[in-house]
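Chemist: One file is attached below, start_2.tsv, containing TSV, C-alpha atoms.
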```tsv
chain	number	residue	atom	x	y	z
I	31	MET	CA	17.98	-2.32	31.35
I	32	PRO	CA	20.63	-4.88	30.36
I	33	ALA	CA	24.13	-3.59	29.74
I	34	ALA	CA	23.97	-4.49	26.06
I	35	ALA	CA	20.99	-2.23	25.39
I	36	PRO	CA	23.01	0.71	23.93
I	37	ASN	CA	24.27	-1.60	21.19
I	38	ARG	CA	20.70	-2.06	19.98
I	39	ILE	CA	20.46	1.57	18.84
I	40	LEU	CA	20.59	1.84	15.05
I	41	VAL	CA	22.76	4.75	13.93
I	42	ALA	CA	22.27	6.15	10.42
I	43	GLU	CA	25.53	6.56	8.49
I	44	GLY	CA	24.08	8.86	5.84
I	45	ALA	CA	23.11	7.54	2.40
I	46	PRO	CA	24.74	9.25	-0.60
I	47	ARG	CA	22.44	10.78	-3.16
I	48	GLY	CA	21.70	8.08	-5.71
I	49	GLY	CA	23.17	5.35	-3.53
I	50	LEU	CA	19.97	3.35	-3.20
I	51	ALA	CA	19.32	3.46	-6.96
I	52	ALA	CA	22.90	2.34	-7.61
I	53	LEU	CA	22.54	-0.60	-5.24
I	54	CYS	CA	19.24	-1.57	-6.87
I	55	ILE	CA	20.99	-1.70	-10.25
I	56	THR	CA	24.01	-3.64	-9.01
I	57	GLN	CA	21.88	-6.11	-7.06
I	58	THR	CA	19.62	-6.76	-10.05
I	59	THR	CA	22.67	-7.27	-12.26
I	60	GLY	CA	24.49	-9.43	-9.72
I	61	TRP	CA	21.52	-11.72	-9.09
I	62	GLY	CA	20.78	-11.95	-12.80
I	63	VAL	CA	24.33	-12.84	-13.83
I	64	LEU	CA	25.65	-14.80	-10.85
I	65	TYR	CA	22.45	-16.68	-10.01
I	66	TYR	CA	19.71	-16.85	-12.63
I	67	ALA	CA	21.93	-17.10	-15.73
I	68	LEU	CA	23.12	-20.62	-14.96
I	69	ILE	CA	19.64	-21.82	-13.95
I	70	THR	CA	18.49	-20.68	-17.39
I	71	ALA	CA	21.42	-22.23	-19.25
I	72	VAL	CA	21.57	-25.71	-17.66
I	73	ARG	CA	19.97	-27.49	-20.62
I	74	PRO	CA	22.07	-25.91	-23.41
I	75	ILE	CA	25.25	-26.41	-21.37
I	76	SER	CA	24.40	-30.08	-20.87
I	77	GLU	CA	23.48	-30.59	-24.52
I	78	ASP	CA	26.68	-28.93	-25.76
I	79	THR	CA	29.12	-30.59	-23.38
I	80	GLY	CA	27.49	-33.91	-22.56
I	81	TRP	CA	27.74	-33.14	-18.84
I	82	ASP	CA	24.85	-34.47	-16.79
I	83	PRO	CA	22.36	-31.68	-15.96
I	84	ALA	CA	22.47	-32.75	-12.29
I	85	LEU	CA	26.23	-32.17	-12.27
I	86	VAL	CA	25.86	-28.77	-13.92
I	87	THR	CA	23.32	-27.80	-11.26
I	88	GLY	CA	25.56	-29.39	-8.62
I	89	ALA	CA	28.35	-26.98	-9.52
I	90	PHE	CA	25.97	-24.11	-8.93
I	91	SER	CA	24.84	-25.53	-5.56
I	92	ALA	CA	28.47	-26.03	-4.54
I	93	GLY	CA	29.08	-22.36	-5.30
I	94	LEU	CA	26.15	-21.41	-3.06
I	95	LEU	CA	27.64	-23.43	-0.21
I	96	VAL	CA	30.94	-21.60	-0.71
I	97	SER	CA	28.97	-18.36	-0.62
I	98	ALA	CA	27.46	-19.36	2.73
I	99	ALA	CA	30.89	-20.03	4.24
I	100	ALA	CA	32.54	-16.99	2.65
I	101	GLY	CA	29.76	-14.75	3.94
I	102	ILE	CA	31.09	-15.17	7.47
I	103	PHE	CA	34.48	-13.73	6.49
I	104	VAL	CA	32.93	-11.12	4.19
I	105	GLY	CA	30.93	-9.73	7.12
I	106	GLY	CA	34.08	-9.16	9.16
I	107	ILE	CA	35.85	-7.49	6.25
I	108	LEU	CA	32.82	-5.27	5.69
I	109	ASP	CA	32.89	-4.09	9.32
I	110	ARG	CA	36.63	-3.37	9.23
I	111	THR	CA	37.05	-1.76	5.83
I	112	GLY	CA	33.63	-0.60	4.66
I	113	PRO	CA	31.87	-1.81	1.51
I	114	ARG	CA	33.69	-0.08	-1.34
I	115	ARG	CA	36.81	-2.22	-1.80
I	116	LEU	CA	34.99	-5.40	-0.82
I	117	MET	CA	32.16	-5.06	-3.33
I	118	ILE	CA	34.41	-3.81	-6.13
I	119	GLY	CA	36.65	-6.81	-5.49
I	120	GLY	CA	33.67	-9.12	-5.41
I	121	SER	CA	32.45	-7.77	-8.74
I	122	LEU	CA	35.86	-8.33	-10.33
I	123	VAL	CA	36.04	-11.88	-8.95
I	124	GLY	CA	32.57	-12.47	-10.37
I	125	VAL	CA	33.68	-11.27	-13.80
I	126	LEU	CA	36.75	-13.53	-13.77
I	127	ALA	CA	34.69	-16.49	-12.50
I	128	LEU	CA	32.16	-16.11	-15.32
I	129	VAL	CA	34.96	-15.91	-17.89
I	130	LEU	CA	36.30	-19.15	-16.43
I	131	VAL	CA	32.81	-20.66	-16.65
I	132	ALA	CA	32.62	-19.71	-20.31
I	133	THR	CA	36.04	-21.18	-21.16
I	134	ALA	CA	35.91	-24.28	-18.93
I	135	PRO	CA	37.29	-27.21	-20.97
I	136	ASN	CA	35.96	-29.86	-18.59
I	137	LEU	CA	33.63	-30.37	-15.63
I	138	PRO	CA	36.26	-29.97	-12.84
I	139	VAL	CA	37.21	-26.52	-14.16
I	140	PHE	CA	33.51	-25.67	-14.47
I	141	PHE	CA	33.05	-26.63	-10.81
I	142	ALA	CA	36.08	-24.55	-9.80
I	143	ALA	CA	34.64	-21.58	-11.68
I	144	TRP	CA	31.37	-21.78	-9.74
I	145	LEU	CA	33.25	-22.09	-6.44
I	146	ALA	CA	34.94	-18.80	-7.33
I	147	ALA	CA	31.56	-17.38	-8.30
I	148	GLY	CA	30.32	-18.36	-4.83
I	149	THR	CA	32.89	-16.07	-3.22
I	150	ALA	CA	31.72	-13.27	-5.50
I	151	GLN	CA	28.09	-13.91	-4.51
I	152	ALA	CA	29.04	-13.54	-0.85
I	153	ALA	CA	30.73	-10.19	-1.55
I	154	VAL	CA	28.16	-8.52	-3.80
I	155	LEU	CA	24.66	-9.94	-3.28
I	156	TYR	CA	22.05	-9.40	-0.57
I	157	GLN	CA	24.00	-9.85	2.66
I	158	PRO	CA	26.55	-7.02	2.19
I	159	ALA	CA	23.86	-4.88	0.54
I	160	PHE	CA	21.58	-5.35	3.55
I	161	THR	CA	24.40	-4.22	5.84
I	162	VAL	CA	25.08	-1.16	3.68
I	163	ILE	CA	21.39	-0.17	3.71
I	164	SER	CA	21.19	-0.65	7.48
I	165	ARG	CA	24.27	1.53	8.02
I	166	TRP	CA	22.99	4.20	5.61
I	167	TYR	CA	19.45	4.49	6.92
I	168	GLY	CA	19.50	3.23	10.52
I	169	PRO	CA	15.97	2.90	11.93
I	170	ALA	CA	14.46	4.11	8.63
I	171	ARG	CA	15.86	1.17	6.69
I	172	ILE	CA	12.65	-0.84	6.13
I	173	ARG	CA	11.48	1.21	3.13
I	174	PRO	CA	14.84	1.19	1.27
I	175	LEU	CA	15.30	-2.52	2.00
I	176	THR	CA	11.85	-3.18	0.58
I	177	ILE	CA	12.65	-1.14	-2.53
I	178	LEU	CA	15.97	-2.96	-2.97
I	179	THR	CA	14.45	-6.44	-2.74
I	180	LEU	CA	11.49	-5.51	-4.93
I	181	VAL	CA	13.72	-4.18	-7.72
I	182	ALA	CA	16.21	-7.04	-7.45
I	183	GLY	CA	13.26	-9.42	-7.57
I	184	PHE	CA	13.00	-8.62	-11.28
I	185	ALA	CA	16.47	-10.06	-11.93
I	186	SER	CA	15.06	-13.37	-13.15
I	187	ALA	CA	12.46	-11.65	-15.34
I	188	ILE	CA	15.23	-9.60	-16.99
I	189	PHE	CA	18.19	-11.96	-17.17
I	190	ALA	CA	16.51	-15.32	-17.79
I	191	PRO	CA	15.20	-14.27	-21.23
I	192	VAL	CA	18.37	-12.29	-21.96
I	193	THR	CA	20.51	-15.34	-21.17
I	194	ALA	CA	18.26	-17.56	-23.29
I	195	ALA	CA	18.44	-15.12	-26.22
I	196	LEU	CA	22.22	-14.78	-25.98
I	197	THR	CA	22.60	-18.55	-25.77
I	198	SER	CA	20.52	-19.00	-28.91
I	199	ALA	CA	22.52	-16.30	-30.73
I	200	VAL	CA	26.13	-16.99	-29.69
I	201	GLY	CA	26.06	-20.22	-27.67
I	202	TRP	CA	26.25	-20.56	-23.90
I	203	ARG	CA	29.99	-19.83	-23.78
I	204	GLY	CA	29.58	-16.60	-25.70
I	205	ALA	CA	26.58	-15.73	-23.55
I	206	PHE	CA	28.59	-16.01	-20.33
I	207	ILE	CA	31.41	-13.90	-21.78
I	208	ILE	CA	28.88	-11.17	-22.59
I	209	LEU	CA	27.27	-11.49	-19.15
I	210	ALA	CA	30.70	-11.24	-17.50
I	211	GLY	CA	31.40	-8.03	-19.39
I	212	THR	CA	27.97	-6.69	-18.50
I	213	MET	CA	28.60	-7.28	-14.82
I	214	GLY	CA	31.97	-5.55	-14.96
I	215	ILE	CA	30.71	-2.54	-16.89
I	216	ILE	CA	27.69	-2.00	-14.62
I	217	THR	CA	28.67	-3.00	-11.09
I	218	VAL	CA	32.32	-1.96	-10.76
I	219	PRO	CA	31.86	1.77	-11.51
I	220	LEU	CA	28.63	2.01	-9.49
I	221	HIS	CA	30.25	0.37	-6.45
I	222	ALA	CA	33.26	2.67	-6.85
I	223	ARG	CA	31.12	5.80	-7.14
I	224	TYR	CA	28.50	5.26	-4.43
I	225	LEU	CA	29.84	2.98	-1.69
I	226	ASN	CA	31.62	4.19	1.44
I	227	ARG	CA	35.40	3.92	1.51
I	228	SER	CA	35.17	3.20	5.25
I	229	TRP	CA	32.62	3.28	8.04
I	230	ALA	CA	32.47	5.80	10.83
I	231	PRO	CA	32.98	3.93	14.11
I	232	ALA	CA	29.68	2.71	15.58
I	233	THR	CA	31.06	3.84	18.95
I	234	PRO	CA	33.70	6.61	18.61
I	235	GLY	CA	37.02	5.58	20.14
I	236	ALA	CA	35.99	1.97	20.79
I	237	ALA	CA	38.88	-0.45	20.55
I	238	ALA	CA	38.85	-3.06	17.78
I	239	THR	CA	39.38	-5.71	20.43
I	240	ASP	CA	36.19	-4.63	22.20
I	241	HIS	CA	34.28	-4.96	18.93
I	242	ARG	CA	35.59	-8.48	18.35
I	243	VAL	CA	34.78	-9.53	21.89
I	244	MET	CA	31.27	-8.12	21.65
I	245	ALA	CA	30.65	-9.84	18.30
I	246	ARG	CA	31.91	-13.14	19.70
I	247	THR	CA	29.70	-12.77	22.77
I	248	VAL	CA	26.60	-12.05	20.69
I	249	ARG	CA	27.05	-14.89	18.20
I	250	ARG	CA	27.58	-17.40	21.01
I	251	SER	CA	24.57	-16.20	23.00
I	252	PRO	CA	21.50	-18.45	23.36
I	253	GLU	CA	19.32	-15.72	21.83
I	254	PHE	CA	21.44	-15.50	18.66
I	255	LEU	CA	21.81	-19.27	18.26
I	256	GLY	CA	18.12	-19.90	18.97
I	257	LEU	CA	17.04	-17.26	16.47
I	258	GLN	CA	19.40	-18.68	13.88
I	259	ALA	CA	18.10	-22.23	14.45
I	260	LEU	CA	14.45	-21.30	14.07
I	261	MET	CA	15.21	-19.32	10.89
I	262	VAL	CA	16.99	-22.38	9.47
I	263	LEU	CA	13.92	-24.52	10.18
I	264	LEU	CA	11.69	-21.87	8.62
I	265	CYS	CA	13.83	-21.61	5.46
I	266	LEU	CA	14.10	-25.39	5.15
I	267	GLY	CA	10.34	-25.83	5.22
I	268	LEU	CA	9.55	-22.92	2.90
I	269	TYR	CA	12.25	-23.32	0.27
I	270	THR	CA	12.19	-27.11	-0.03
I	271	VAL	CA	8.46	-27.12	-0.76
I	272	THR	CA	8.22	-24.01	-2.96
I	273	LEU	CA	11.29	-24.87	-5.06
I	274	ASN	CA	9.78	-28.31	-5.69
I	275	ILE	CA	6.21	-27.17	-6.16
I	276	ILE	CA	6.07	-28.34	-9.80
I	277	PRO	CA	6.37	-32.09	-9.02
I	278	LEU	CA	4.15	-31.61	-5.95
I	279	LEU	CA	1.37	-30.05	-8.02
I	280	VAL	CA	1.77	-32.63	-10.79
I	281	GLU	CA	1.44	-35.38	-8.18
I	282	LYS	CA	-1.86	-33.80	-7.08
I	283	GLY	CA	-3.27	-33.74	-10.61
I	284	ALA	CA	-2.00	-30.55	-12.24
I	285	GLY	CA	-0.63	-30.55	-15.77
I	286	TYR	CA	3.01	-29.58	-16.24
I	287	ALA	CA	2.20	-26.18	-17.76
I	288	THR	CA	-0.21	-25.39	-14.92
I	289	ALA	CA	2.35	-26.52	-12.33
I	290	ALA	CA	4.98	-24.29	-13.96
I	291	LEU	CA	2.52	-21.41	-13.72
I	292	GLY	CA	2.16	-22.26	-10.04
I	293	LEU	CA	5.92	-21.88	-9.61
I	294	GLY	CA	5.80	-18.51	-11.36
I	295	LEU	CA	3.02	-17.35	-9.06
I	296	VAL	CA	5.14	-18.28	-6.04
I	297	GLY	CA	7.47	-15.55	-7.28
I	298	ALA	CA	4.58	-13.14	-7.64
I	299	GLY	CA	3.62	-13.95	-4.06
I	300	GLN	CA	7.12	-12.97	-2.94
I	301	VAL	CA	6.63	-9.48	-4.35
I	302	GLY	CA	3.35	-9.13	-2.47
I	303	GLY	CA	4.94	-10.35	0.74
I	304	ARG	CA	7.70	-7.76	0.53
I	305	LEU	CA	5.14	-5.02	0.04
I	306	LEU	CA	3.18	-6.20	3.09
I	307	PHE	CA	6.18	-6.66	5.40
I	308	ALA	CA	6.21	-3.11	6.76
I	309	ALA	CA	2.52	-3.37	7.66
I	310	ILE	CA	3.18	-6.19	10.14
I	311	PRO	CA	3.74	-4.75	13.66
I	312	HIS	CA	7.41	-4.88	14.57
I	313	ARG	CA	7.13	-7.25	17.54
I	314	ALA	CA	4.69	-9.51	15.69
I	315	ARG	CA	6.81	-10.06	12.56
I	316	LEU	CA	8.61	-13.22	13.61
I	317	PRO	CA	5.58	-15.09	15.04
I	318	VAL	CA	3.28	-13.97	12.20
I	319	ILE	CA	5.74	-15.03	9.50
I	320	ALA	CA	6.61	-18.36	11.13
I	321	GLY	CA	2.97	-19.20	11.87
I	322	THR	CA	1.79	-18.29	8.37
I	323	ALA	CA	4.63	-20.33	6.85
I	324	ALA	CA	3.54	-23.43	8.77
I	325	CYS	CA	-0.07	-22.97	7.63
I	326	ALA	CA	0.89	-22.41	3.97
I	327	VAL	CA	3.16	-25.46	3.80
I	328	LEU	CA	0.54	-27.58	5.59
I	329	ALA	CA	-2.06	-26.49	3.03
I	330	LEU	CA	0.21	-27.58	0.19
I	331	ALA	CA	0.68	-30.96	1.89
I	332	ALA	CA	-2.88	-31.63	3.03
I	333	LEU	CA	-5.07	-30.23	0.25
I	334	PRO	CA	-5.81	-32.78	-2.49
I	335	GLY	CA	-7.12	-30.02	-4.73
I	336	PRO	CA	-8.51	-28.29	-6.59
I	337	VAL	CA	-5.41	-27.05	-8.37
I	338	PRO	CA	-6.30	-23.32	-8.17
I	339	LEU	CA	-6.56	-23.64	-4.38
I	340	LEU	CA	-3.16	-25.35	-4.26
I	341	ILE	CA	-1.69	-22.56	-6.39
I	342	ALA	CA	-3.19	-20.01	-4.00
I	343	ALA	CA	-1.48	-21.83	-1.11
I	344	GLY	CA	1.75	-21.66	-3.11
I	345	MET	CA	1.32	-17.92	-3.54
I	346	LEU	CA	0.82	-17.58	0.21
I	347	ALA	CA	4.03	-19.54	0.79
I	348	GLY	CA	5.74	-17.23	-1.70
I	349	ALA	CA	4.47	-14.19	0.19
I	350	VAL	CA	5.93	-15.61	3.38
I	351	ARG	CA	9.23	-16.14	1.58
I	352	GLY	CA	9.18	-12.48	0.55
I	353	CYS	CA	8.60	-11.45	4.16
I	354	GLN	CA	11.30	-13.85	5.33
I	355	THR	CA	13.88	-12.17	3.09
I	356	LEU	CA	13.21	-8.79	4.73
I	357	LEU	CA	13.04	-10.38	8.17
I	358	GLN	CA	16.50	-11.86	7.60
I	359	ALA	CA	17.72	-8.44	6.47
I	360	THR	CA	16.47	-6.62	9.58
I	361	ILE	CA	16.31	-8.96	12.55
I	362	VAL	CA	20.01	-8.84	13.48
I	363	GLY	CA	20.12	-5.04	13.38
I	364	ASP	CA	16.85	-4.84	15.31
I	365	ARG	CA	18.24	-6.90	18.17
I	366	TRP	CA	21.95	-6.02	18.25
I	367	GLY	CA	22.32	-2.69	16.43
I	368	THR	CA	24.82	-1.70	13.74
I	369	ARG	CA	28.00	-2.35	15.68
I	370	ASN	CA	29.63	-5.41	14.06
I	371	LEU	CA	26.55	-5.75	11.85
I	372	GLY	CA	28.50	-7.14	8.89
I	373	THR	CA	30.13	-9.82	11.04
I	374	LEU	CA	26.92	-10.79	12.79
I	375	GLN	CA	24.86	-10.71	9.59
I	376	GLY	CA	27.40	-12.92	7.82
I	377	VAL	CA	27.43	-15.50	10.61
I	378	PHE	CA	23.65	-15.39	10.95
I	379	ALA	CA	22.97	-15.82	7.23
I	380	ALA	CA	25.52	-18.57	6.51
I	381	PRO	CA	23.31	-21.58	7.41
I	382	LEU	CA	20.31	-19.93	5.75
I	383	THR	CA	22.24	-19.59	2.50
I	384	ALA	CA	23.33	-23.22	2.83
I	385	VAL	CA	19.70	-24.32	3.26
I	386	THR	CA	18.63	-22.49	0.10
I	387	ALA	CA	21.50	-24.21	-1.72
I	388	ILE	CA	20.44	-27.73	-0.72
I	389	ALA	CA	16.65	-27.21	-0.83
I	390	PRO	CA	16.23	-27.96	-4.57
I	391	ALA	CA	17.93	-31.35	-4.12
I	392	ALA	CA	16.46	-32.03	-0.66
I	393	GLY	CA	12.90	-32.16	-2.04
I	394	PRO	CA	13.44	-35.04	-4.51
I	395	LEU	CA	15.61	-36.93	-2.03
I	396	LEU	CA	12.97	-36.70	0.71
I	397	ALA	CA	10.21	-37.58	-1.76
I	398	ALA	CA	12.11	-40.70	-2.84
I	399	TRP	CA	12.77	-41.69	0.77
I	400	LEU	CA	9.25	-40.98	2.07
I	401	GLY	CA	7.43	-42.23	-1.02
I	402	SER	CA	5.84	-39.07	-2.44
I	403	TYR	CA	6.14	-35.31	-2.74
I	404	THR	CA	3.07	-35.01	-0.54
I	405	ALA	CA	4.92	-36.85	2.24
I	406	MET	CA	7.88	-34.54	1.66
I	407	ALA	CA	5.57	-31.54	2.12
I	408	TYR	CA	4.28	-32.97	5.40
I	409	ALA	CA	7.87	-33.37	6.62
I	410	MET	CA	8.59	-29.75	5.71
I	411	THR	CA	5.39	-28.74	7.52
I	412	ALA	CA	6.95	-30.22	10.64
I	413	SER	CA	10.06	-28.09	10.06
I	414	ALA	CA	8.06	-24.87	9.63
I	415	ALA	CA	5.80	-25.75	12.58
I	416	ALA	CA	8.86	-26.32	14.79
I	417	ALA	CA	10.04	-22.82	13.82
I	418	ALA	CA	6.64	-21.41	14.78
I	419	ILE	CA	6.70	-23.22	18.14
I	420	PHE	CA	10.23	-22.02	18.90
I	421	THR	CA	9.16	-18.50	17.93
I	422	ALA	CA	6.23	-18.61	20.35
I	423	ALA	CA	8.49	-19.86	23.14
I	424	MET	CA	11.06	-17.14	22.41
I	425	SER	CA	8.38	-14.42	22.37
I	426	LEU	CA	6.99	-15.64	25.69
I	427	ARG	CA	10.44	-15.59	27.27
I	428	GLU	CA	11.15	-12.09	25.95
I	429	ASN	CA	7.81	-10.80	27.23
I	430	ARG	CA	8.58	-12.18	30.68
I	431	ARG	CA	12.02	-10.61	30.61
I	432	ALA	CA	10.54	-7.25	29.55
I	433	ALA	CA	8.04	-7.45	32.41
I	434	VAL	CA	10.86	-8.03	34.89
I	435	TRP	CA	12.84	-5.05	33.61
```
Could you show the structure in this file as structure tokens?

Modeler:
Amino acid sequence: MPAAAPNRILVAEGAPRGGLAALCITQTTGWGVLYYALITAVRPISEDTGWDPALVTGAFSAGLLVSAAAGIFVGGILDRTGPRRLMIGGSLVGVLALVLVATAPNLPVFFAAWLAAGTAQAAVLYQPAFTVISRWYGPARIRPLTILTLVAGFASAIFAPVTAALTSAVGWRGAFIILAGTMGIITVPLHARYLNRSWAPATPGAAATDHRVMARTVRRSPEFLGLQALMVLLCLGLYTVTLNIIPLLVEKGAGYATAALGLGLVGAGQVGGRLLFAAIPHRARLPVIAGTAACAVLALAALPGPVPLLIAAGMLAGAVRGCQTLLQATIVGDRWGTRNLGTLQGVFAAPLTAVTAIAPAAGPLLAAWLGSYTAMAYAMTASAAAAAIFTAAMSLRENRRAAVW
């Protein structure tokens, strides 16, 4: 066997009683307040301030790009210090950022507030939570990860209407003050009560220098970089099409209300995909997910109708997105174990987070350049298909290597 094989063993840290439930609550709150609240409030913010809606959304996307970059450093901090101080600090930064959002006197301050919110997203949302679950449960982490993402998937269903109601009652500034307080009251004490103060060493007595060298070796390896590249292509194809499915469906003859329903059913598909993830054989997950993604995006591009069939294709794409979330949560630990998992997970996820940040804008830009949303969907089919081809090539190479060993 290769020398690195021992590092692939997943060691369970030991989950505290109630820890998974606490993380489910904090993730739902964090996603609802730091992500879905602004998406819900774009129109009232624009109407009240006169800021262009594209600029309001641009501040949010800029924050997501900061989150992608900050995630690299957050992963290293998580490995060195454990999750407790990091995620408490991230929650407090999120509270302060939302207060700054609510009191922003002009657009530059509003942008600065969302850049700060991006650092909070990196410290409290999925990536650190995935690492915590993997350290707590080791090889048994699939079920708790599925539970976590299923529960957090209701963040939009809870916080979008709550944000809308608060905005109607007290204005968007008052709404964000209340949401900031909600985040502080819920997430800070739960992170303090249930998260580990520090991690037990993945390898007792191992020098910190050895850990850094190993992490550097892994993230520069062809396997790591190739896996990261194909996941970027997969995310680009899936997210650009599904986040722009409303204009795509309208272009193919759907009414706006029906197209909006199609977008909602993409979310329902995500829930189904997360439930089905564990049923996919371990070694088949990457090729099955990549291949199905290419087929779903191609269907959205090639089918002229009828609209219900297009919506079904959108639900399939949503299911693949749900599987992709869990694949992203598990694939690094599957291949390189829990040693340096925070660092490796942060580096691995950074470009994927960046892709999800630019995908909403990439769709209209590509549609304008190529002439239609259908042409944009074909281009994204090529991206997803390239991921599937790279996956097949990687699987073939790994099978040959396994045969040699």

Chemist: Give me, as an MDAnalysis selection string, all polymer residues having an atom no more than 12 Å from Gly344 in chain I, counting all atoms listed in the file and skipping those fewer than 6 positions away in the same chain.

Modeler: chainID I and resid 268:269 271:276 278:279 289:300 322:323 325:331 333 337:338 350:351 407

Chemist: Quick one: distance from CA of Ala152 in chain I to CA of Trp202 in chain I in Å, one decimal?

Modeler: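 Rounded to one decimal, the two atoms are 24.3 Å apart.
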
Chemist: Please provide the set of residues having any atom within 9 Å of Leu126 in chain I, restricted to all atoms listed in the file, with same-chain residues fewer than 2 positions apart removed, written as a list of chain:residue names.

Modeler: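 In the requested form, the answer reads I:Ser121, I:Leu122, I:Val123, I:Gly124, I:Leu128, I:Val129, I:Leu130, I:Val131, I:Ala143, I:Ala146, I:Ala147, I:Ala210.
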
Chemist: Report, in Å to a single decimal, how far apart CA of Thr360 in chain I and CA of Met244 in chain I are.

Modeler: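 Between CA of Met244 in chain I and CA of Thr360 in chain I the gap is 19.2 Å.
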
Chemist: Do you know which residues are at most 6 Å from range 315-321 of chain I counting only C-alpha atoms, after dropping those on the same chain fewer than 5 positions away, and could you put them as a compact mmCIF listing (two decimals) with C-alpha atoms, in the coordinates of the input?

Modeler:
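Saved file result.txt follows:
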```txt
# COMPACT_ATOMS: atom_id res chain seq x y z
CA ILE I 310 3.18 -6.19 10.14
CA ALA I 418 6.64 -21.41 14.78
CA THR I 421 9.16 -18.50 17.93
```

Chemist: In terms of the shortest atom-to-atom distance over all atoms listed in the file, which of I:Gly372, I:Pro277, I:Gly267, I:Pro381 is closest to Ala347 in chain I?

Modeler: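 Under the stated criterion, the closest residue is I:Gly267.
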
Chemist: Between I:Val377, I:Ala308, I:Val280, I:Leu400, which one has atoms that come closest to Leu175 in chain I, using all atoms listed in the file?

Modeler: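 Closest candidate: I:Ala308.
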
Chemist: Work out how far apart CA of Gly80 in chain I and CA of Ala194 in chain I are and give it in Å to one decimal.

Modeler: 18.8 Å

Chemist: Between I:Ala423, I:Leu374, I:Ala309, I:Ala127, which has the minimum distance to Asp109 in chain I (counting all atoms listed in the file)?

Modeler: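 Counting all atoms listed in the file, the residue closest to Asp109 in chain I is I:Leu374.
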
Chemist: Which of these residues is nearest to Pro334 in chain I, using only C-alpha atoms: I:Ala387, I:Met117, I:Ala284, I:Ala379?

Modeler: I:Ala284

Chemist: May I have the residues within 8 Å of Gln151 in chain I as a list in words, using only C-alpha atoms and disregarding those fewer than 5 positions away in the same chain?

Modeler: Gly60, Leu64, Leu94, Ser97, Gly120 and Gly124 of chain I

Chemist: Quick one: residues within 12 Å of Ala51 in chain I, all atoms listed in the file, excluding same-chain residues fewer than 4 positions away - as number ranges by chain?

Modeler: I: 45-47, 55-58, 163, 174-175, 177-179, 181-182, 220-221, 224-225

Chemist: With all atoms listed in the file as the atoms that count, which of I:Phe184, I:Thr149, I:Ala190, I:Arg246 lies nearest to Thr373 in chain I?

Modeler: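 Using all atoms listed in the file, the shortest distance to Thr373 in chain I belongs to I:Arg246.
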
Chemist: Which one is closest to Ala185 in chain I: I:Ala67, I:Val385, I:Cys265, I:Leu306? Count all atoms listed in the file.

Modeler: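 For Ala185 in chain I, the nearest of the candidates is I:Ala67.
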
Chemist: Edge lengths and centre in Å to one decimal, as JSON, of the axis-aligned box that encloses all listed atoms of range 182-188 of chain I with 8 Å added on every side?

Modeler:
```
{"center_x": 14.5, "center_y": -10.2, "center_z": -12.2, "size_x": 20.0, "size_y": 22.3, "size_z": 25.5}
```

Chemist: Which residues, protein or nucleic acid, reach to within 9 Å of (15.8, -13.8, 10.3) in the file's coordinates when using only C-alpha atoms, and can you give that as a compact mmCIF listing (two decimals) with C-alpha atoms, in the frame of the given file?

Modeler:
```txt
# COMPACT_ATOMS: atom_id res chain seq x y z
CA LEU I 257 17.04 -17.26 16.47
CA GLN I 258 19.40 -18.68 13.88
CA LEU I 260 14.45 -21.30 14.07
CA MET I 261 15.21 -19.32 10.89
CA VAL I 262 16.99 -22.38 9.47
CA LEU I 316 8.61 -13.22 13.61
CA GLN I 354 11.30 -13.85 5.33
CA THR I 355 13.88 -12.17 3.09
CA LEU I 356 13.21 -8.79 4.73
CA LEU I 357 13.04 -10.38 8.17
CA GLN I 358 16.50 -11.86 7.60
CA ALA I 359 17.72 -8.44 6.47
CA THR I 360 16.47 -6.62 9.58
CA ILE I 361 16.31 -8.96 12.55
CA VAL I 362 20.01 -8.84 13.48
CA PHE I 378 23.65 -15.39 10.95
CA ALA I 379 22.97 -15.82 7.23
CA LEU I 382 20.31 -19.93 5.75
```

Chemist: Please output range 244-250 of chain I, rebuilt to include N, CA and C atoms, as a PDB file, keeping the file's coordinate frame.

Modeler:
```pdb
ATOM      1  N   MET I 244      32.722  -8.272  21.638  1.00  0.00           N
ATOM      2  CA  MET I 244      31.270  -8.120  21.650  1.00  0.00           C
ATOM      3  C   MET I 244      30.626  -8.992  20.587  1.00  0.00           C
ATOM      4  N   ALA I 245      31.210  -9.009  19.367  1.00  0.00           N
ATOM      5  CA  ALA I 245      30.650  -9.840  18.300  1.00  0.00           C
ATOM      6  C   ALA I 245      30.687 -11.307  18.683  1.00  0.00           C
ATOM      7  N   ARG I 246      31.793 -11.745  19.293  1.00  0.00           N
ATOM      8  CA  ARG I 246      31.910 -13.140  19.700  1.00  0.00           C
ATOM      9  C   ARG I 246      30.882 -13.472  20.780  1.00  0.00           C
ATOM     10  N   THR I 247      30.675 -12.550  21.701  1.00  0.00           N
ATOM     11  CA  THR I 247      29.700 -12.770  22.770  1.00  0.00           C
ATOM     12  C   THR I 247      28.290 -12.898  22.211  1.00  0.00           C
ATOM     13  N   VAL I 248      27.944 -12.020  21.263  1.00  0.00           N
ATOM     14  CA  VAL I 248      26.600 -12.050  20.690  1.00  0.00           C
ATOM     15  C   VAL I 248      26.365 -13.341  19.928  1.00  0.00           C
ATOM     16  N   ARG I 249      27.319 -13.726  19.060  1.00  0.00           N
ATOM     17  CA  ARG I 249      27.050 -14.890  18.200  1.00  0.00           C
ATOM     18  C   ARG I 249      27.099 -16.210  18.954  1.00  0.00           C
ATOM     19  N   ARG I 250      27.609 -16.184  20.185  1.00  0.00           N
ATOM     20  CA  ARG I 250      27.580 -17.400  21.010  1.00  0.00           C
ATOM     21  C   ARG I 250      26.426 -17.392  22.004  1.00  0.00           C
TER      22      ARG I 250
END
```
